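Worksheet for the structure shown next.
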Amino acid sequence: MEHRILGKDLEVSAVGLGCMGMSHAYGAPADKGEMRELLAEAVDMGYTFFDTAEVYGTPENPHDNEELVGEALKPYRNKVVLATKFGIHFDMESRQVNKPLVTDSRPEVIRASVENSLKRLGTDHIDLYYQHRADPAVPIEEVAGVMQELIKEGKVTHWGLSEAKEETIRRAHAVCPVTAIQNRYSMMARWYEELFPVLEELKIGYVAFSPLANGFLSAKYGKESKFEKGTDYRSIMPQFTPKAVEQNQKLLELIRTVAEGKQAAPGQIALAWMLCKKPYLVPIPGTRKPDRLRENAGAAEIQLTEKEIETLDKQLDAMEMSDVFGGTECKS
């Protein structure tokens, strides 16, 4: 798989692997043995970029995903880039399926988080360490100062911000250069495109999470699709309701038409659309299935011209779509 550079010098595979869904938010956690095999297969396929977070887990094991990723990728540590995150925990008293997030980026909390993540990942450094969400109670300059210290200590080599906006990015970058932002981005969620000029000016990469709109753009789901209540966030996501599936047929038809022309799968077109748009964009779709892992990797080989991207953007701009899941509520 081709590689891309995030920020000044962080080299990653053009498509990364979001590991969250193996442990969290997509039903009961997957079988550990199968997921270890899947992660090893990903390395064999050319994936070098793996994304997790300290909060991806279950009430019984809140840190399940970091432990899984650390164990599975230990034999390949010198070949892979590990990204994880700090700065939030879930409000476990809430009865919501998608529990609200509580932000906490106090310096002492960050320091405890980094030590625990290093231990769970079985490594002496984190390649890309994101603030998971901005904390209104802690100035971003203070967070950036802690990152600067951790980089000097060798515990972190690069840092980033998740779901960040321009002002926060600029303020953070002025203290300690930001390597990447990790924001939601897909054909159904384009609200951060306004950041492209800022990222280009500051030479910051864009890691796109939910690049398939939580799987919807793979065109594998229909009105009859069922999701496990209580553990699968898709059971409450607006794009998966029967009405929304109907509403989004034109979008799916558009993707299928382009896919046929390129002899590709619909999901590959949704990924290629962003890969061919900007050289610093790196999607991190998640999966539990080897065939989908292979399909997502194949998106890096599909070429869409500037004209094709422009035409697709115009069609998307003019198209009526349903609401799409926009993320979890934050409580400061």
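Labeling convention for the structure tokens: chains A, B, ... as they appear, residues from 1 per chain, ligands from 1 in order of appearance.
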Next item on the list: Give the strand (DSSP E or B) residues of region 86-115 of chain A, as assigned by DSSP on the backbone, as a VMD selection string.
Entry: chain A and resid 86 88 to 90 101 to 103
Next item on the list: Tell me which protein, DNA and RNA residues are within 9 Å of region 253-255 of chain A, counting only C-alpha atoms, leaving out same-chain ones fewer than 2 positions away, and put them as a list of chain:residue names.
Entry: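 Contacts, with the query itself left out: A:Leu217, A:Ala219, A:Asn248, A:Gln249, A:Lys250, A:Leu251, A:Thr257, A:Val258, A:Ala259, A:Glu260, A:Ala265, A:Pro266, A:Gly267, A:Ile269, A:Ala270, A:Leu312, A:Gln315.
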Next item on the list: Determine the nearest neighbour of Glu228 (chain A) from the options A:Leu316, A:Met188, A:Ala28, A:Cys276, counting only C-alpha atoms.
Entry: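 Under the stated criterion, the closest residue is A:Ala28.
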Check: When distances are computed from only C-alpha atoms, which of A:Val15, A:Lys229, A:Asp51, A:Pro242 shows the smallest separation from Leu271 (chain A)?
Finding: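 Closest to Leu271 (chain A) of all the choices is A:Val15.
Between CA of Val282 (chain A) and CA of Leu212 (chain A) there is a distance of 12.7 Å.
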Margin query: Using only C-alpha atoms, which protein or nucleic acid residues come within 7 Å of region 159-170 of chain A? Drop anything in the same chain fewer than 5 positions from it, and give the result as a PyMOL selection string.
Written below: chain A and resi 128-133+140+147+178-184+195
Item checked: Coordinates-based distance that separates CA of Ala318 (chain A) from CA of Glu201 (chain A) (Å, one decimal) ->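 Between these atoms lies a distance of 29.0 Å.
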Note to self: Applying 9 Å and only C-alpha atoms, which residues near Gly215 (chain A) remain after dropping the ones on its own chain fewer than 3 positions away? List them as a VMD selection string.
What the structure shows: chain A and resid 210 to 212 218 to 221 267 285 to 287
Shell around Val138 (chain A) at 9 Å using only C-alpha atoms, local window under 5 positions removed, as a PDB file with C-alpha atoms, in the first residue's frame:
```pdb
ATOM      1  CA  ASP A 104     -10.563  15.917  31.541  1.00  0.00           C
ATOM      2  CA  SER A 105      -7.203  17.124  30.228  1.00  0.00           C
ATOM      3  CA  ARG A 106      -5.594  18.234  33.465  1.00  0.00           C
ATOM      4  CA  PRO A 107      -1.800  17.737  33.237  1.00  0.00           C
ATOM      5  CA  VAL A 143      -2.194  20.665  27.071  1.00  0.00           C
TER       6      VAL A 143
END
```
Next item on the list: Can you check which residues of region 163-218 of chain A DSSP gives as helix (DSSP H, G or I) on the backbone and send them as a list in words?
Entry: Glu166, Glu167, Thr168, Ile169, Arg170, Arg171, Ala172, His173, Ala174, Val175, Glu193, Glu194, Leu195, Phe196, Pro197, Val198, Leu199, Glu200, Glu201, Leu202, Phe216, Leu217 and Ser218 of chain A
Produce a file of the selected residues containing C-alpha atoms, as a PDB file, in the first residue's frame.
```pdb
ATOM      1  CA  GLU A 166      -9.410  26.261  13.663  1.00  0.00           C
ATOM      2  CA  GLU A 167      -8.828  28.411  16.757  1.00  0.00           C
ATOM      3  CA  THR A 168      -7.860  25.424  18.908  1.00  0.00           C
ATOM      4  CA  ILE A 169      -5.558  24.055  16.202  1.00  0.00           C
ATOM      5  CA  ARG A 170      -3.743  27.382  15.799  1.00  0.00           C
ATOM      6  CA  ARG A 171      -3.333  27.946  19.547  1.00  0.00           C
ATOM      7  CA  ALA A 172      -2.060  24.388  20.113  1.00  0.00           C
ATOM      8  CA  HIS A 173       0.297  24.455  17.124  1.00  0.00           C
ATOM      9  CA  ALA A 174       1.896  27.719  18.302  1.00  0.00           C
ATOM     10  CA  VAL A 175       3.096  25.964  21.491  1.00  0.00           C
ATOM     11  CA  GLU A 193     -13.659  20.822   4.795  1.00  0.00           C
ATOM     12  CA  GLU A 194     -13.361  24.474   5.834  1.00  0.00           C
ATOM     13  CA  LEU A 195     -10.192  23.432   7.717  1.00  0.00           C
ATOM     14  CA  PHE A 196      -8.301  22.363   4.576  1.00  0.00           C
ATOM     15  CA  PRO A 197      -6.605  25.787   4.038  1.00  0.00           C
ATOM     16  CA  VAL A 198      -5.528  25.903   7.717  1.00  0.00           C
ATOM     17  CA  LEU A 199      -4.057  22.386   7.568  1.00  0.00           C
ATOM     18  CA  GLU A 200      -2.207  23.224   4.356  1.00  0.00           C
ATOM     19  CA  GLU A 201      -0.832  26.447   5.831  1.00  0.00           C
ATOM     20  CA  LEU A 202       0.400  24.747   9.015  1.00  0.00           C
ATOM     21  CA  PHE A 216     -23.438   3.125   5.712  1.00  0.00           C
ATOM     22  CA  LEU A 217     -21.462   4.118   2.586  1.00  0.00           C
ATOM     23  CA  SER A 218     -20.357   0.525   2.028  1.00  0.00           C
TER      24      SER A 218
END
```
